[in-house]
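Q: Can you read through this structure? Questions will come right after.
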Amino acid sequence: MSMTNRDIYSSALVHLGTLASNTVCEDYEERAPYIIANFCNMSKAIDEKIRKNDGIESAPSFSGVYMFLEANFPLCEKMIAPAVFYLAAMLVIDEDPELSDKLYERYCDLMCEISMSLTYQNGKITQKYFAD
């Protein structure tokens, strides 16, 4: 299932329950590409773990600064819901801090669920000795 960044943005607006004025929507649409890019950049490491865990090919490269809304969402499908809640929370952070906090809490819960669902992967243990 391939989603675009615009799909993420549209879903975020649904969670905001906004039938906002054109001015507000223009502001949201202007900020959304930066917020989505920030989310993807922050979530890159967990996306890599999911892909390794689920045997999915690596994510395409992307800008951590700006993502066109018409471009495909670069992270795996499991990261869509957290992206929606993160974007919604960041869009209203200044105008409705209470709603933003609730949406951000849901984003955090989803990220925690995803992290907890990943299977443990063996790795090398590094021995380090500290001098007193």
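Labels used: A, B, ... for chains in the order of the structure tokens, numbers from 1 for residues in each chain, and numbers from 1 for ligands as shown.
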List the neighbours of Met90 in chain A out to 9 Å using only C-alpha atoms; skip same-chain residues closer than 5 positions along the sequence, and give me the result as a PyMOL selection string.
A: chain A and resi 32+35+85+100+103-104
Q: Output N, CA, C and O atoms for every residue in that selection, as a PDB file, in the first residue's frame.
A:
ATOM      1  N   ALA A  32       3.112  21.565   6.480  1.00  0.00           N
ATOM      2  CA  ALA A  32       3.084  20.100   6.491  1.00  0.00           C
ATOM      3  C   ALA A  32       4.320  19.440   5.865  1.00  0.00           C
ATOM      4  O   ALA A  32       4.853  18.484   6.452  1.00  0.00           O
ATOM      5  N   ILE A  35       7.080  19.395   8.428  1.00  0.00           N
ATOM      6  CA  ILE A  35       6.782  18.555   9.591  1.00  0.00           C
ATOM      7  C   ILE A  35       6.895  17.075   9.227  1.00  0.00           C
ATOM      8  O   ILE A  35       7.451  16.280   9.990  1.00  0.00           O
ATOM      9  N   PHE A  85      -0.590  11.262  13.387  1.00  0.00           N
ATOM     10  CA  PHE A  85      -0.797  11.895  14.691  1.00  0.00           C
ATOM     11  C   PHE A  85       0.272  12.933  15.001  1.00  0.00           C
ATOM     12  O   PHE A  85      -0.016  13.979  15.582  1.00  0.00           O
ATOM     13  N   SER A 100      -3.218  19.405  20.795  1.00  0.00           N
ATOM     14  CA  SER A 100      -1.891  18.994  20.348  1.00  0.00           C
ATOM     15  C   SER A 100      -1.296  17.960  21.304  1.00  0.00           C
ATOM     16  O   SER A 100      -0.729  16.957  20.874  1.00  0.00           O
ATOM     17  N   LEU A 103      -2.987  14.568  20.782  1.00  0.00           N
ATOM     18  CA  LEU A 103      -2.534  13.942  19.544  1.00  0.00           C
ATOM     19  C   LEU A 103      -1.094  13.462  19.670  1.00  0.00           C
ATOM     20  O   LEU A 103      -0.750  12.382  19.193  1.00  0.00           O
ATOM     21  N   TYR A 104      -0.259  14.245  20.329  1.00  0.00           N
ATOM     22  CA  TYR A 104       1.143  13.866  20.518  1.00  0.00           C
ATOM     23  C   TYR A 104       1.246  12.636  21.413  1.00  0.00           C
ATOM     24  O   TYR A 104       2.086  11.759  21.182  1.00  0.00           O
TER      25      TYR A 104
END
Q: Can you tell me which residues surround Met79 in chain A at a distance of at most 9 Å, considering only C-alpha atoms, apart from same-chain residues fewer than 5 positions away, and format the answer as number ranges by chain?
A: A: 40, 43, 47, 84, 110-111, 114
Q: Taking all heavy atoms for each residue, export the selection above as a PDB file, in the first residue's frame.
A:
ATOM      1  N   CYS A  40       9.935  11.939   9.453  1.00  0.00           N
ATOM      2  CA  CYS A  40      10.667  10.869   8.765  1.00  0.00           C
ATOM      3  C   CYS A  40      12.124  10.833   9.193  1.00  0.00           C
ATOM      4  O   CYS A  40      12.690   9.756   9.404  1.00  0.00           O
ATOM      5  CB  CYS A  40      10.545  11.026   7.250  1.00  0.00           C
ATOM      6  SG  CYS A  40       8.884  10.683   6.637  1.00  0.00           S
ATOM      7  N   SER A  43      12.336   9.396  12.658  1.00  0.00           N
ATOM      8  CA  SER A  43      11.867   8.009  12.739  1.00  0.00           C
ATOM      9  C   SER A  43      12.643   7.047  11.846  1.00  0.00           C
ATOM     10  O   SER A  43      12.311   5.865  11.769  1.00  0.00           O
ATOM     11  CB  SER A  43      10.385   7.956  12.357  1.00  0.00           C
ATOM     12  OG  SER A  43       9.644   8.820  13.173  1.00  0.00           O
ATOM     13  N   ASP A  47      12.321   2.894  11.543  1.00  0.00           N
ATOM     14  CA  ASP A  47      11.866   2.373  10.252  1.00  0.00           C
ATOM     15  C   ASP A  47      12.853   1.323   9.733  1.00  0.00           C
ATOM     16  O   ASP A  47      12.447   0.277   9.239  1.00  0.00           O
ATOM     17  CB  ASP A  47      11.712   3.513   9.242  1.00  0.00           C
ATOM     18  CG  ASP A  47      11.209   3.025   7.895  1.00  0.00           C
ATOM     19  OD1 ASP A  47      10.023   2.654   7.802  1.00  0.00           O
ATOM     20  OD2 ASP A  47      12.007   3.007   6.930  1.00  0.00           O
ATOM     21  N   VAL A  84       0.691  10.461  10.975  1.00  0.00           N
ATOM     22  CA  VAL A  84      -0.557  11.233  10.950  1.00  0.00           C
ATOM     23  C   VAL A  84      -0.745  11.970  12.271  1.00  0.00           C
ATOM     24  O   VAL A  84      -1.027  13.176  12.292  1.00  0.00           O
ATOM     25  CB  VAL A  84      -1.767  10.310  10.654  1.00  0.00           C
ATOM     26  CG1 VAL A  84      -3.081  11.029  10.903  1.00  0.00           C
ATOM     27  CG2 VAL A  84      -1.694   9.790   9.220  1.00  0.00           C
ATOM     28  N   LEU A 110       1.722   5.054  19.876  1.00  0.00           N
ATOM     29  CA  LEU A 110       1.916   4.246  18.664  1.00  0.00           C
ATOM     30  C   LEU A 110       3.386   3.893  18.453  1.00  0.00           C
ATOM     31  O   LEU A 110       3.714   2.754  18.106  1.00  0.00           O
ATOM     32  CB  LEU A 110       1.357   4.968  17.438  1.00  0.00           C
ATOM     33  CG  LEU A 110      -0.164   5.043  17.359  1.00  0.00           C
ATOM     34  CD1 LEU A 110      -0.587   6.029  16.281  1.00  0.00           C
ATOM     35  CD2 LEU A 110      -0.756   3.670  17.099  1.00  0.00           C
ATOM     36  N   MET A 111       4.261   4.847  18.668  1.00  0.00           N
ATOM     37  CA  MET A 111       5.698   4.584  18.496  1.00  0.00           C
ATOM     38  C   MET A 111       6.173   3.562  19.523  1.00  0.00           C
ATOM     39  O   MET A 111       6.991   2.689  19.205  1.00  0.00           O
ATOM     40  CB  MET A 111       6.500   5.885  18.604  1.00  0.00           C
ATOM     41  CG  MET A 111       6.268   6.832  17.445  1.00  0.00           C
ATOM     42  SD  MET A 111       6.741   6.164  15.839  1.00  0.00           S
ATOM     43  CE  MET A 111       8.516   6.390  15.897  1.00  0.00           C
ATOM     44  N   ILE A 114       4.973   0.131  18.407  1.00  0.00           N
ATOM     45  CA  ILE A 114       5.804  -0.353  17.304  1.00  0.00           C
ATOM     46  C   ILE A 114       7.138  -0.865  17.835  1.00  0.00           C
ATOM     47  O   ILE A 114       7.586  -1.952  17.484  1.00  0.00           O
ATOM     48  CB  ILE A 114       6.023   0.749  16.242  1.00  0.00           C
ATOM     49  CG1 ILE A 114       4.718   1.020  15.494  1.00  0.00           C
ATOM     50  CG2 ILE A 114       7.146   0.368  15.280  1.00  0.00           C
ATOM     51  CD1 ILE A 114       4.749   2.260  14.622  1.00  0.00           C
TER      52      ILE A 114
END
Q: Could you work out how far CA of Met116 in chain A lies from CA of Tyr9 in chain A, giving the answer in Å with one decimal?
A: 26.3 Å
Q: Using only C-alpha atoms, find each residue in range 21-118 of chain A having at least one atom no more than 12 Å away from range 11-16 of chain A; report its shortest atom-to-atom pair and that distance in Å (one decimal), rows by chain then rising number, as JSON lines.
A:
{"residue": "A:Val24", "atom": "CA", "partner": "A:Leu13", "partner_atom": "CA", "distance": 11.2}
{"residue": "A:Cys25", "atom": "CA", "partner": "A:Leu13", "partner_atom": "CA", "distance": 9.0}
{"residue": "A:Tyr28", "atom": "CA", "partner": "A:Leu13", "partner_atom": "CA", "distance": 9.0}
{"residue": "A:Glu29", "atom": "CA", "partner": "A:Leu13", "partner_atom": "CA", "distance": 10.0}
{"residue": "A:Ala32", "atom": "CA", "partner": "A:Ala12", "partner_atom": "CA", "distance": 9.7}
{"residue": "A:Ile35", "atom": "CA", "partner": "A:Ala12", "partner_atom": "CA", "distance": 11.6}
{"residue": "A:Ile36", "atom": "CA", "partner": "A:Ala12", "partner_atom": "CA", "distance": 10.9}
{"residue": "A:Ile80", "atom": "CA", "partner": "A:Ser11", "partner_atom": "CA", "distance": 9.8}
{"residue": "A:Ala81", "atom": "CA", "partner": "A:Ser11", "partner_atom": "CA", "distance": 9.0}
{"residue": "A:Pro82", "atom": "CA", "partner": "A:Ala12", "partner_atom": "CA", "distance": 10.2}
{"residue": "A:Ala83", "atom": "CA", "partner": "A:Ala12", "partner_atom": "CA", "distance": 8.6}
{"residue": "A:Val84", "atom": "CA", "partner": "A:Ala12", "partner_atom": "CA", "distance": 5.0}
{"residue": "A:Phe85", "atom": "CA", "partner": "A:Ala12", "partner_atom": "CA", "distance": 6.4}
{"residue": "A:Tyr86", "atom": "CA", "partner": "A:Ala12", "partner_atom": "CA", "distance": 8.4}
{"residue": "A:Leu87", "atom": "CA", "partner": "A:Ala12", "partner_atom": "CA", "distance": 6.3}
{"residue": "A:Ala88", "atom": "CA", "partner": "A:Ala12", "partner_atom": "CA", "distance": 4.7}
{"residue": "A:Ala89", "atom": "CA", "partner": "A:Ala12", "partner_atom": "CA", "distance": 8.5}
{"residue": "A:Met90", "atom": "CA", "partner": "A:Ala12", "partner_atom": "CA", "distance": 10.0}
{"residue": "A:Leu91", "atom": "CA", "partner": "A:Ala12", "partner_atom": "CA", "distance": 8.7}
{"residue": "A:Val92", "atom": "CA", "partner": "A:Leu16", "partner_atom": "CA", "distance": 8.2}
{"residue": "A:Ile93", "atom": "CA", "partner": "A:Leu16", "partner_atom": "CA", "distance": 11.4}
{"residue": "A:Glu95", "atom": "CA", "partner": "A:Leu16", "partner_atom": "CA", "distance": 11.7}
{"residue": "A:Asp96", "atom": "CA", "partner": "A:Leu16", "partner_atom": "CA", "distance": 10.1}
{"residue": "A:Glu98", "atom": "CA", "partner": "A:Leu16", "partner_atom": "CA", "distance": 11.9}
{"residue": "A:Leu99", "atom": "CA", "partner": "A:Leu16", "partner_atom": "CA", "distance": 8.2}
{"residue": "A:Ser100", "atom": "CA", "partner": "A:Leu16", "partner_atom": "CA", "distance": 9.2}
{"residue": "A:Lys102", "atom": "CA", "partner": "A:His15", "partner_atom": "CA", "distance": 10.9}
{"residue": "A:Leu103", "atom": "CA", "partner": "A:His15", "partner_atom": "CA", "distance": 8.4}
{"residue": "A:Tyr104", "atom": "CA", "partner": "A:His15", "partner_atom": "CA", "distance": 11.8}
{"residue": "A:Arg106", "atom": "CA", "partner": "A:His15", "partner_atom": "CA", "distance": 11.3}
{"residue": "A:Tyr107", "atom": "CA", "partner": "A:Ala12", "partner_atom": "CA", "distance": 11.6}
Q: Of the candidates A:Asp109, A:Glu57, A:Asp7, A:Glu26, which one gets nearest to Ala71 in chain A if we count only C-alpha atoms?
A: A:Asp7
Q: Write out as a PyMOL selection string which residues come within 12 Å of Cys76 in chain A when counting only C-alpha atoms, dropping same-chain ones fewer than 5 positions away.
A: chain A and resi 1-4+40+43-60+81-83+114
Q: CA of Ser63 in chain A and CA of Thr119 in chain A are how many Å apart?
A: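 We find that CA of Ser63 in chain A and CA of Thr119 in chain A lie 28.5 Å from each other.
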Q: List every residue of range 15-100 of chain A that DSSP, applied to the backbone of this structure, assigns to alpha helix (DSSP H), and report them as a PyMOL selection string.
A: chain A and resi 15-16+22-54+80-91+97-100
